[in-house]
$ cat upload21.cif   # mmCIF, C-alpha atoms
data_entry
loop_
_atom_site.label_atom_id
_atom_site.label_comp_id
_atom_site.auth_asym_id
_atom_site.auth_seq_id
_atom_site.Cartn_x
_atom_site.Cartn_y
_atom_site.Cartn_z
CA MET A 1 -3.37 8.00 38.48
CA VAL A 2 -4.34 7.56 34.82
CA TRP A 3 -7.54 5.75 35.80
CA PHE A 4 -8.67 8.73 37.88
CA GLU A 5 -7.28 11.74 36.01
CA LYS A 6 -7.97 10.78 32.38
CA LEU A 7 -10.86 8.36 32.72
CA LYS A 8 -12.67 9.97 35.66
CA LEU A 9 -13.26 6.74 37.58
CA ASN A 10 -14.47 7.15 41.14
CA LYS A 11 -12.05 6.42 43.98
CA GLN A 12 -13.63 3.05 44.80
CA LEU A 13 -13.04 1.80 41.28
CA VAL A 14 -9.50 3.19 41.17
CA ARG A 15 -8.77 1.20 44.32
CA SER A 16 -10.31 -1.93 42.80
CA VAL A 17 -8.32 -1.82 39.57
CA ASN A 18 -5.10 -1.17 41.45
CA GLU A 19 -5.73 -4.09 43.81
CA LEU A 20 -6.28 -6.35 40.79
CA GLY A 21 -3.00 -5.22 39.24
CA PHE A 22 -4.51 -3.18 36.39
CA THR A 23 -1.84 -0.50 36.62
CA ASN A 24 -2.53 1.03 33.21
CA PRO A 25 -5.66 1.13 31.04
CA LYS A 26 -5.64 -0.76 27.75
CA GLU A 27 -5.98 1.10 24.47
CA LEU A 28 -9.69 0.33 24.19
CA GLN A 29 -10.34 1.69 27.68
CA LEU A 30 -8.35 4.86 26.98
CA LYS A 31 -10.39 5.46 23.84
CA THR A 32 -13.83 4.67 25.22
CA LEU A 33 -14.29 5.20 28.97
CA SER A 34 -14.28 9.00 28.84
CA ARG A 35 -16.74 8.90 25.90
CA ILE A 36 -19.02 6.55 27.83
CA ALA A 37 -18.82 8.78 30.90
CA GLY A 38 -19.95 11.64 28.66
CA GLY A 39 -23.09 9.73 27.66
CA GLN A 40 -22.12 8.88 24.08
CA ASP A 41 -23.56 5.86 22.24
CA LEU A 42 -20.66 3.71 21.17
CA ILE A 43 -19.70 0.71 19.03
CA ALA A 44 -16.35 -0.67 20.22
CA ILE A 45 -14.49 -3.12 17.97
CA GLY A 46 -11.60 -4.97 19.55
CA HIS A 47 -9.84 -8.30 19.44
CA GLU A 48 -10.04 -10.97 22.12
CA GLY A 49 -8.11 -9.76 25.16
CA SER A 50 -8.49 -6.06 24.34
CA GLY A 51 -10.42 -5.46 27.56
CA LYS A 52 -13.98 -5.08 26.26
CA THR A 53 -15.69 -6.67 29.28
CA THR A 54 -13.62 -4.71 31.81
CA THR A 55 -14.43 -1.52 29.89
CA TYR A 56 -18.20 -1.74 30.24
CA VAL A 57 -18.09 -3.21 33.76
CA LEU A 58 -16.08 -0.18 34.90
CA ALA A 59 -18.38 2.16 32.97
CA VAL A 60 -21.47 0.61 34.60
CA LEU A 61 -20.09 0.67 38.15
CA ASN A 62 -18.91 4.25 37.69
CA ARG A 63 -22.56 5.30 37.31
CA PHE A 64 -23.60 3.96 40.70
CA ASN A 65 -22.32 6.77 42.90
CA TYR A 66 -25.58 6.77 44.83
CA ALA A 67 -27.74 4.32 46.76
CA PRO A 68 -29.26 1.91 44.19
CA GLU A 69 -33.04 1.63 44.00
CA GLY A 70 -33.41 -2.08 43.23
CA VAL A 71 -34.94 -1.29 39.82
CA PRO A 72 -32.96 -2.25 36.68
CA ARG A 73 -30.85 0.68 35.48
CA VAL A 74 -28.53 -1.37 33.26
CA LEU A 75 -29.32 -4.27 30.89
CA ILE A 76 -26.35 -6.23 29.53
CA LEU A 77 -26.92 -8.85 26.82
CA VAL A 78 -24.41 -11.66 26.23
CA PRO A 79 -24.73 -14.76 24.01
CA GLU A 80 -24.72 -17.71 26.45
CA LYS A 81 -25.21 -18.78 30.07
CA GLU A 82 -21.44 -19.12 30.56
CA ASP A 83 -21.02 -15.50 29.45
CA VAL A 84 -23.67 -14.37 31.95
CA MET A 85 -21.80 -16.07 34.78
CA GLY A 86 -18.45 -14.70 33.59
CA VAL A 87 -19.71 -11.10 33.46
CA ILE A 88 -21.28 -11.35 36.93
CA GLU A 89 -17.97 -12.69 38.26
CA HIS A 90 -16.23 -9.71 36.65
CA PHE A 91 -18.58 -7.35 38.48
CA GLU A 92 -17.93 -9.12 41.76
CA ARG A 93 -14.17 -8.67 41.38
CA LEU A 94 -14.41 -4.91 40.74
CA ASN A 95 -17.47 -3.90 42.75
CA LYS A 96 -16.94 -2.44 46.24
CA ASN A 97 -20.53 -1.23 46.57
CA LYS A 98 -22.23 -4.37 47.90
CA SER A 99 -25.64 -2.71 47.93
CA ILE A 100 -25.78 -3.05 44.13
CA LYS A 101 -27.88 -6.06 43.17
CA ILE A 102 -26.94 -8.00 40.04
CA VAL A 103 -29.28 -10.63 38.55
CA GLY A 104 -28.43 -13.10 35.78
CA LEU A 105 -31.03 -14.36 33.30
CA TYR A 106 -30.33 -17.35 31.06
CA VAL A 107 -32.10 -20.37 29.65
CA ALA A 108 -32.42 -22.96 32.43
CA PRO A 109 -35.19 -25.02 34.03
CA GLY A 110 -37.42 -22.95 36.24
CA ILE A 111 -37.98 -19.46 34.85
CA GLU A 112 -39.89 -18.61 38.04
CA ALA A 113 -36.72 -18.49 40.14
CA GLN A 114 -35.22 -15.81 37.90
CA MET A 115 -38.48 -13.85 37.91
CA ASP A 116 -38.48 -14.01 41.73
CA ALA A 117 -34.91 -12.71 41.79
CA LEU A 118 -35.99 -9.71 39.71
CA ALA A 119 -38.96 -9.12 41.98
CA ASP A 120 -36.63 -9.04 45.00
CA GLY A 121 -34.74 -6.15 43.36
CA ALA A 122 -32.15 -5.80 40.61
CA ASP A 123 -29.99 -2.83 39.64
CA ILE A 124 -27.98 -4.55 36.92
CA VAL A 125 -29.36 -7.36 34.74
CA VAL A 126 -26.98 -9.58 32.77
CA ALA A 127 -28.91 -11.81 30.39
CA THR A 128 -29.04 -13.82 27.22
CA PRO A 129 -31.37 -12.12 24.70
CA ASP A 130 -33.85 -15.00 24.46
CA ARG A 131 -34.37 -15.32 28.22
CA ALA A 132 -34.52 -11.55 28.78
CA ARG A 133 -37.16 -11.24 26.05
CA ALA A 134 -39.20 -14.15 27.43
CA ILE A 135 -39.26 -12.65 30.94
CA TYR A 136 -39.98 -9.17 29.57
CA LEU A 137 -43.01 -10.52 27.71
CA LYS A 138 -44.23 -12.00 31.01
CA LEU A 139 -44.06 -8.43 32.40
CA ALA A 140 -41.46 -9.53 34.97
CA LEU A 141 -38.51 -7.50 33.57
CA ASN A 142 -39.00 -3.77 34.09
CA LEU A 143 -37.17 -1.76 31.41
CA ASN A 144 -38.76 1.61 32.20
CA LYS A 145 -35.76 2.97 34.10
CA VAL A 146 -32.94 1.37 32.10
CA ASP A 147 -30.53 4.15 31.16
CA MET A 148 -27.67 1.99 29.86
CA PHE A 149 -28.09 -0.86 27.36
CA VAL A 150 -25.03 -3.02 26.55
CA VAL A 151 -24.64 -5.69 23.87
CA ASP A 152 -21.46 -7.71 24.32
CA ASP A 153 -19.98 -10.13 21.77
CA ALA A 154 -22.43 -8.82 19.18
CA ASP A 155 -20.77 -10.80 16.38
CA ARG A 156 -21.50 -14.01 18.30
CA MET A 157 -25.14 -12.91 18.64
CA ILE A 158 -25.36 -13.00 14.84
CA LYS A 159 -23.86 -16.49 14.67
CA LYS A 160 -26.47 -17.73 17.16
CA GLY A 161 -29.34 -16.07 15.30
CA MET A 162 -30.31 -13.74 18.16
CA GLN A 163 -30.93 -10.61 16.10
CA LEU A 164 -34.70 -10.46 16.74
CA PRO A 165 -34.68 -10.50 20.58
CA VAL A 166 -31.74 -8.05 20.67
CA VAL A 167 -33.55 -5.52 18.47
CA GLU A 168 -36.89 -6.00 20.27
CA LEU A 169 -35.30 -5.39 23.67
CA ALA A 170 -33.41 -2.34 22.37
CA ASN A 171 -36.61 -0.86 20.97
CA SER A 172 -38.49 -1.61 24.21
CA ILE A 173 -36.10 0.60 26.18
CA GLY A 174 -36.79 4.30 26.20
CA LYS A 175 -34.10 6.95 25.99
CA SER A 176 -30.84 5.37 27.17
CA GLN A 177 -27.16 5.15 26.41
CA LYS A 178 -26.39 2.20 24.15
CA LEU A 179 -23.02 0.41 23.96
CA VAL A 180 -22.06 -2.41 21.61
CA PHE A 181 -18.87 -4.48 21.86
CA THR A 182 -17.72 -6.83 19.11
CA GLU A 183 -14.61 -8.44 17.65
CA VAL A 184 -15.54 -7.62 14.06
CA MET A 185 -18.02 -5.54 12.10
CA HIS A 186 -19.78 -6.86 9.01
CA SER A 187 -22.95 -6.34 7.00
CA LYS A 188 -25.16 -8.74 8.99
CA LEU A 189 -24.15 -7.06 12.25
CA GLU A 190 -24.69 -3.61 10.77
CA LYS A 191 -28.22 -4.67 9.77
CA MET A 192 -28.98 -5.71 13.37
CA LEU A 193 -27.57 -2.49 14.86
CA ASP A 194 -29.07 0.00 12.39
CA PRO A 195 -32.49 0.26 14.13
CA PHE A 196 -31.02 1.46 17.44
CA MET A 197 -27.36 2.46 16.89
CA GLY A 198 -27.64 4.82 13.94
CA ASP A 199 -25.79 7.78 15.51
CA ALA A 200 -23.21 5.83 17.54
CA ALA A 201 -19.51 6.63 17.45
CA VAL A 202 -17.28 3.75 16.29
CA VAL A 203 -13.99 3.02 18.05
CA GLU A 204 -11.71 0.25 16.80
CA VAL A 205 -8.44 -1.05 18.18
CA GLU A 206 -6.19 -3.60 16.51
CA ALA A 207 -3.23 -5.51 17.86
CA LEU A 208 -1.02 -7.36 15.42
CA SER A 209 1.91 -9.52 16.48
CA GLU A 210 5.05 -7.42 16.89
CA GLN A 211 7.03 -9.97 14.87
CA PRO A 212 5.16 -10.62 11.59
CA LEU A 213 5.48 -14.14 10.23
CA GLU A 214 6.84 -14.98 6.79
CA LEU A 215 3.71 -15.83 4.83
CA HIS A 216 2.80 -16.26 1.19
CA PRO A 217 0.98 -13.29 -0.44
CA GLN A 218 -2.70 -13.37 0.51
CA LEU A 219 -6.06 -12.14 -0.76
CA LEU A 220 -9.40 -12.28 1.07
CA TYR A 221 -12.72 -12.64 -0.76
CA ASN A 222 -15.68 -11.69 1.45
CA VAL A 223 -18.73 -13.51 0.01
CA PRO A 224 -22.30 -13.70 1.33
CA ASN A 225 -22.85 -17.45 1.49
CA PHE A 226 -21.79 -21.00 0.65
CA GLY A 227 -23.36 -20.97 -2.82
CA THR A 228 -21.40 -17.88 -3.82
CA LYS A 229 -18.22 -19.53 -2.53
CA LEU A 230 -18.88 -22.42 -4.92
CA ASN A 231 -19.48 -20.02 -7.79
CA LEU A 232 -16.25 -18.13 -7.08
CA LEU A 233 -14.24 -21.34 -6.87
CA ASN A 234 -15.65 -22.55 -10.19
CA LEU A 235 -15.01 -19.18 -11.81
CA PHE A 236 -11.35 -19.25 -10.82
CA LEU A 237 -10.57 -22.91 -11.44
CA TYR A 238 -12.23 -22.94 -14.86
CA ASP A 239 -9.22 -20.90 -16.01
CA GLU A 240 -6.69 -23.67 -16.57
CA GLU A 241 -4.02 -21.28 -17.88
CA VAL A 242 -3.71 -19.41 -14.55
CA PHE A 243 -4.80 -22.02 -12.00
CA THR A 244 -2.41 -24.75 -13.09
CA LYS A 245 -2.05 -26.44 -9.70
CA THR A 246 -4.37 -25.58 -6.79
CA VAL A 247 -4.95 -27.09 -3.35
CA VAL A 248 -8.42 -26.36 -1.93
CA PHE A 249 -8.94 -26.70 1.83
CA VAL A 250 -12.35 -27.54 3.33
CA ASN A 251 -13.23 -28.49 6.89
CA THR A 252 -15.20 -31.71 6.41
CA ARG A 253 -15.57 -34.66 4.07
CA VAL A 254 -19.20 -33.64 3.50
CA THR A 255 -18.14 -30.22 2.20
CA ALA A 256 -15.39 -31.84 0.14
CA GLU A 257 -17.99 -34.01 -1.56
CA LYS A 258 -20.18 -31.00 -2.39
CA VAL A 259 -17.22 -29.06 -3.76
CA TYR A 260 -16.06 -32.07 -5.79
CA LYS A 261 -19.47 -32.56 -7.41
CA SER A 262 -19.65 -28.87 -8.31
CA LEU A 263 -16.16 -28.79 -9.83
CA GLN A 264 -16.29 -32.20 -11.46
CA SER A 265 -19.19 -31.21 -13.73
CA ARG A 266 -16.79 -28.84 -15.54
CA LEU A 267 -13.28 -29.99 -14.70
CA ARG A 268 -13.92 -33.73 -15.11
CA LYS A 269 -10.73 -35.64 -14.22
CA ALA A 270 -8.79 -32.51 -13.33
CA VAL A 271 -10.06 -32.58 -9.72
CA ALA A 272 -9.22 -35.19 -7.06
CA TYR A 273 -9.08 -35.82 -3.31
CA LEU A 274 -6.14 -36.15 -0.97
CA ASN A 275 -6.56 -39.54 0.72
CA PRO A 276 -10.02 -40.26 -0.73
CA GLN A 277 -12.55 -41.87 1.58
CA PHE A 278 -13.73 -44.44 -0.97
CA PHE A 279 -11.57 -46.67 -3.16
CA ASP A 280 -13.35 -45.61 -6.37
CA SER A 281 -12.92 -41.87 -5.73
CA PRO A 282 -10.11 -40.19 -7.68
CA GLY A 283 -7.28 -39.12 -5.43
CA PHE A 284 -3.69 -39.17 -4.26
CA LYS A 285 -1.93 -40.32 -1.12
CA SER A 286 0.49 -37.39 -1.08
CA ILE A 287 1.00 -33.84 -2.35
CA GLU A 288 4.04 -35.08 -4.27
CA ASP A 289 1.87 -37.51 -6.28
CA PHE A 290 -0.57 -34.69 -7.08
CA VAL A 291 2.24 -32.40 -8.28
CA ALA A 292 3.67 -35.15 -10.47
CA ASP A 293 0.34 -35.90 -12.17
CA GLU A 294 -0.01 -33.63 -15.22
CA SER A 295 -3.73 -34.29 -15.78
CA THR A 296 -4.94 -33.18 -12.31
CA ARG A 297 -5.03 -29.45 -11.48
CA VAL A 298 -7.12 -29.33 -8.31
CA LEU A 299 -6.64 -31.25 -5.06
CA LEU A 300 -9.32 -31.20 -2.31
CA VAL A 301 -8.01 -31.49 1.24
CA ALA A 302 -10.57 -32.12 4.00
CA GLY A 303 -9.96 -30.95 7.56
CA GLU A 304 -9.81 -34.54 8.83
CA ASN A 305 -6.36 -34.77 7.22
CA GLU A 306 -4.33 -33.57 10.20
CA GLU A 307 -0.94 -34.49 8.78
CA THR A 308 1.57 -31.75 8.02
CA LEU A 309 1.66 -31.12 4.28
CA ASP A 310 4.56 -29.97 2.14
CA LEU A 311 2.85 -27.30 0.01
CA SER A 312 5.99 -25.65 -1.34
CA GLY A 313 5.80 -24.81 -5.03
CA ILE A 314 2.00 -25.06 -5.28
CA PRO A 315 0.92 -21.92 -7.21
CA PHE A 316 -2.43 -21.48 -5.40
CA LEU A 317 -3.70 -22.41 -1.93
CA ILE A 318 -7.42 -21.73 -1.52
CA HIS A 319 -9.16 -21.86 1.85
CA PHE A 320 -12.77 -22.56 0.92
CA ASP A 321 -13.37 -23.01 4.67
CA LEU A 322 -11.42 -21.50 7.54
CA PRO A 323 -10.08 -24.11 9.97
CA ALA A 324 -11.15 -24.00 13.62
CA GLU A 325 -7.57 -23.43 14.77
CA LYS A 326 -5.77 -20.35 13.44
CA GLU A 327 -2.44 -22.18 13.81
CA THR A 328 -3.57 -24.68 11.16
CA PHE A 329 -4.24 -21.88 8.68
CA ILE A 330 -0.93 -20.13 9.40
CA GLU A 331 1.05 -23.36 9.06
CA ARG A 332 -0.41 -23.97 5.61
CA ILE A 333 0.46 -20.53 4.21
CA THR A 334 3.86 -20.05 5.86
CA ASN A 335 6.64 -19.27 3.41
CA ASN A 336 9.36 -21.73 4.33
CA GLN A 337 11.88 -19.96 2.09
CA PRO A 338 12.05 -16.47 3.63
CA GLY A 339 13.88 -13.91 1.56
CA ALA A 340 12.98 -15.57 -1.74
CA GLU A 341 10.03 -14.30 -3.76
CA SER A 342 7.05 -16.51 -3.01
CA GLU A 343 5.78 -18.66 -5.87
CA THR A 344 2.52 -19.30 -4.03
CA MET A 345 -0.57 -17.15 -3.57
CA ALA A 346 -3.06 -17.89 -0.78
CA LEU A 347 -6.72 -17.05 -1.41
CA THR A 348 -9.29 -17.13 1.38
CA PHE A 349 -13.08 -17.23 0.94
CA ALA A 350 -14.96 -15.98 4.01
CA THR A 351 -18.56 -15.10 4.79
CA ASP A 352 -19.43 -12.38 7.31
CA LEU A 353 -19.73 -14.99 10.05
CA GLU A 354 -16.14 -16.12 9.43
CA LEU A 355 -14.55 -12.68 9.61
CA SER A 356 -13.91 -12.99 13.35
CA VAL A 357 -11.68 -15.99 12.57
CA VAL A 358 -9.88 -13.88 9.95
CA LYS A 359 -9.25 -11.23 12.62
CA LYS A 360 -7.68 -13.81 14.92
CA ILE A 361 -5.45 -15.05 12.11
CA GLU A 362 -4.31 -11.51 11.34
CA GLN A 363 -3.60 -10.85 15.00
CA ALA A 364 -1.54 -14.03 15.36
CA SER A 365 0.37 -13.65 12.09
CA GLY A 366 1.06 -9.93 12.42
CA LYS A 367 -0.23 -9.20 8.93
CA LYS A 368 -3.49 -7.86 7.52
CA ILE A 369 -4.99 -9.86 4.66
CA ALA A 370 -5.66 -7.67 1.64
CA ILE A 371 -9.34 -7.60 0.65
CA ALA A 372 -9.94 -8.35 -3.04
CA GLU A 373 -12.86 -7.12 -5.11
CA LEU A 374 -15.29 -9.79 -6.20
CA PRO A 375 -15.12 -10.47 -9.96
CA GLU A 376 -17.82 -8.77 -12.03
CA GLU A 377 -18.68 -12.13 -13.62
CA LEU A 378 -19.38 -13.77 -10.25
CA VAL A 379 -22.96 -14.96 -9.73
CA ILE A 380 -24.11 -14.01 -6.21
CA GLU A 381 -26.41 -16.66 -4.79
CA LYS A 382 -29.41 -15.50 -2.77
CA GLU A 383 -29.68 -16.42 0.91
CA VAL A 384 -31.79 -19.53 1.40
CA LYS A 385 -34.35 -18.71 4.09
CA ALA A 386 -36.24 -21.99 4.13
CA LYS A 387 -36.19 -25.26 2.25
CA LYS A 388 -38.72 -25.20 -0.59
CA GLU A 389 -39.77 -27.61 -3.27
CA ALA A 390 -37.24 -27.48 -6.06
CA PRO A 391 -38.56 -25.92 -9.29
CA LYS A 392 -38.32 -27.78 -12.56
CA ALA A 393 -34.93 -27.44 -14.19
CA ASP A 394 -34.60 -24.83 -16.91
CA PRO A 395 -32.37 -26.26 -19.66
CA ASP A 396 -31.29 -22.75 -20.65
CA ALA A 397 -30.31 -21.67 -17.12
CA PRO A 398 -26.64 -21.53 -16.09
CA ILE A 399 -25.41 -24.50 -14.04
CA VAL A 400 -25.22 -23.75 -10.30
CA GLY A 401 -21.53 -23.75 -9.50
CA ALA A 402 -20.55 -22.80 -13.04
CA ALA A 403 -20.40 -19.23 -11.75
CA PHE A 404 -20.30 -17.37 -15.00
CA HIS A 405 -22.58 -15.98 -17.66
CA GLU A 406 -22.37 -18.49 -20.44
CA LYS A 407 -21.51 -16.11 -23.27
CA LYS A 408 -18.51 -14.67 -21.35
CA ALA A 409 -17.08 -17.75 -19.67
CA ALA A 410 -14.38 -18.72 -22.12
CA ASN A 411 -12.97 -15.25 -22.57
CA SER A 412 -13.28 -13.78 -19.09
CA LYS A 413 -9.97 -13.91 -17.17
CA THR A 414 -9.65 -10.50 -15.58
CA TYR A 415 -10.96 -11.14 -12.05
CA ASN A 416 -10.26 -7.50 -11.06
CA TYR A 417 -6.63 -8.23 -10.17
CA SER A 418 -4.02 -5.52 -10.43
CA SER A 419 -1.58 -5.77 -13.31
CA GLY A 420 1.18 -6.83 -10.92
CA GLN A 421 -0.92 -9.66 -9.52
CA LYS A 422 -1.87 -10.82 -13.00
CA ALA A 423 1.77 -10.91 -14.00
CA LYS A 424 2.66 -13.07 -11.02
CA MET A 425 -0.20 -15.44 -11.82
CA ASN A 426 0.81 -15.73 -15.45
CA ASN A 427 4.34 -16.68 -14.40
CA LYS A 428 2.88 -19.74 -12.67
CA ARG A 429 1.74 -21.32 -15.93
CA LYS A 430 4.99 -23.24 -16.14
CA HIS A 431 4.16 -25.21 -12.99
#
$ encode --input "upload21.cif" --output "structure tokens"
Amino acid sequence: MVWFEKLKLNKQLVRSVNELGFTNPKELQLKTLSRIAGGQDLIAIGHEGSGKTTTYVLAVLNRFNYAPEGVPRVLILVPEKEDVMGVIEHFERLNKNKSIKIVGLYVAPGIEAQMDALADGADIVVATPDRARAIYLKLALNLNKVDMFVVDDADRMIKKGMQLPVVELANSIGKSQKLVFTEVMHSKLEKMLDPFMGDAAVVEVEALSEQPLELHPQLLYNVPNFGTKLNLLNLFLYDEEVFTKTVVFVNTRVTAEKVYKSLQSRLRKAVAYLNPQFFDSPGFKSIEDFVADESTRVLLVAGENEETLDLSGIPFLIHFDLPAEKETFIERITNNQPGAESETMALTFATDLELSVVKKIEQASGKKIAIAELPEELVIEKEVKAKKEAPKADPDAPIVGAAFHEKKAANSKTYNYSSGQKAKMNNKRKH
């Protein structure tokens, strides 16, 4: 009865959810469906499996308590063709009103067929932003009567560079209720939503594992881009008194090479590869060999190394890149001596586009990763919009990757850590 009494779903939908075995609403649905029914604009943030798609499908169907007109009343944007098909299938499972016409728009050969489908009548349109915009510009998608606009997987829209068509479609719709669903919120997504979601309520649900894993202490550094990651890495590793032994994880050999060249200009022989690709590249065949070598402080590990590594006793583990599989990350930072105070600190560098991966790691591990302030000395690289001719080198300019203002580099070791964190780091000097 919760679906009917608290969430005000019509009887047809209550029957549908019961038949599908949805006996109780999920937390996200409890927090949002009544708000949506009241006409509120909403940004819903929830992890994978939190019920985001079911939430807006129920909210949309709950509006059609009358004979549909065959003119689009709802526009739902999703990132890819597969998402379009998945959402339509979701509607088909829950919808008892077979007079409602649902049309999918996605990039495929023959745009005319989709335009014909719209001309035959559509009440709900599920589309990718690029195809919806293209058909709208051909005057074949009527947005005049749309009274609900939904953006699903908005964080993935950012990754695919779909901000422009999303905003243009939102601004082309008159007064309507607007709903956004995403796994994570970050500055790039906020920039996309600001033009049309300024007064929206924000609802967030989180689900961490009920049995937290034993992990090393962690800090997360949210940086804007790759260049700033390089600067931060250089800034930290230039301090040989604190960062005595550090393993740096990257996803590819190409990235490893870029990181090596940036570090090597300052650290010289103190940086090496694990299992180097070329015979003349400095490196080690095992973590044990790296630990035993007193002259090398930094070891680069590329994602192609799939072997299980014994990282016990390494003072710092830095994820320059986040691996594709969250299990890989968790395995690397697991404290294999539970109960004993960890001698290792795990630092993670992540751009806005990687924060959804961070969320998945937190959910699986049962622990939030503390967000650290970026050091005041850090040089923030500007976003590179397009490749331009490189200007002539300025001999007085700081080296890219050096990541510090030259007059402060030797003496700057504060990094905005708390006194407790600094003490732990200083204790690692003996390693």
$ residues_around --input "upload21.cif" --residues "region 311-327 of chain A" --least-positions-apart "2" --cutoff "7 Å" --atoms "only C-alpha atoms" --output "VMD selection string"
chain A and resid 245 to 251 309 329 to 331 343 to 349 360 to 361 428
$ atom_distance --input "upload21.cif" --atom1 "CA of Val125 (chain A)" --atom2 "CA of Phe149 (chain A)"
9.9 Å
$ atom_distance --input "upload21.cif" --atom1 "CA of Val167 (chain A)" --atom2 "CA of Gly198 (chain A)"
12.7 Å
$ closest_residue --input "upload21.cif" --among "A:Leu77, A:Leu219, A:Ile380, A:Met192" --to "Asp153 (chain A)" --atoms "only C-alpha atoms"
A:Leu77
$ resolve_selection --input "upload21.cif" --expression "the PyMOL selection byres ((chain A and resi 58) around 9)" --output "PyMOL selection string"
chain A and resi 9+13+33+53-57+59-63+91+94-95
$ closest_residue --input "upload21.cif" --among "A:Gly121, A:Pro195, A:Gly86, A:Gly174" --to "Asp152 (chain A)" --atoms "all atoms listed in the file"
A:Gly86
$ resolve_selection --input "upload21.cif" --expression "the PyMOL selection byres ((chain A and resi 253) around 12)" --output "list in words"
Phe249, Val250, Asn251, Thr252, Val254, Thr255, Ala256, Glu257, Lys258, Val259, Tyr260, Tyr273, Leu274, Asn275, Pro276, Gln277, Phe278, Leu300, Val301, Ala302, Gly303, Glu304, Asn305 and Asp321 of chain A
$ resolve_selection --input "upload21.cif" --expression "the PyMOL selection byres ((chain A and resi 203) around 6)" --output "list in words"
Ala44, Val202 and Glu204 of chain A
$ closest_residue --input "upload21.cif" --among "A:Leu267, A:Met85, A:Ile173, A:Val71" --to "Ala127 (chain A)" --atoms "only C-alpha atoms"
A:Met85
$ closest_residue --input "upload21.cif" --among "A:Thr328, A:Pro338, A:Phe284, A:Lys159" --to "Leu355 (chain A)" --atoms "all atoms listed in the file"
A:Lys159
$ closest_residue --input "upload21.cif" --among "A:Lys160, A:Ala140, A:Thr351, A:Leu378" --to "Asn222 (chain A)" --atoms "all atoms listed in the file"
A:Thr351
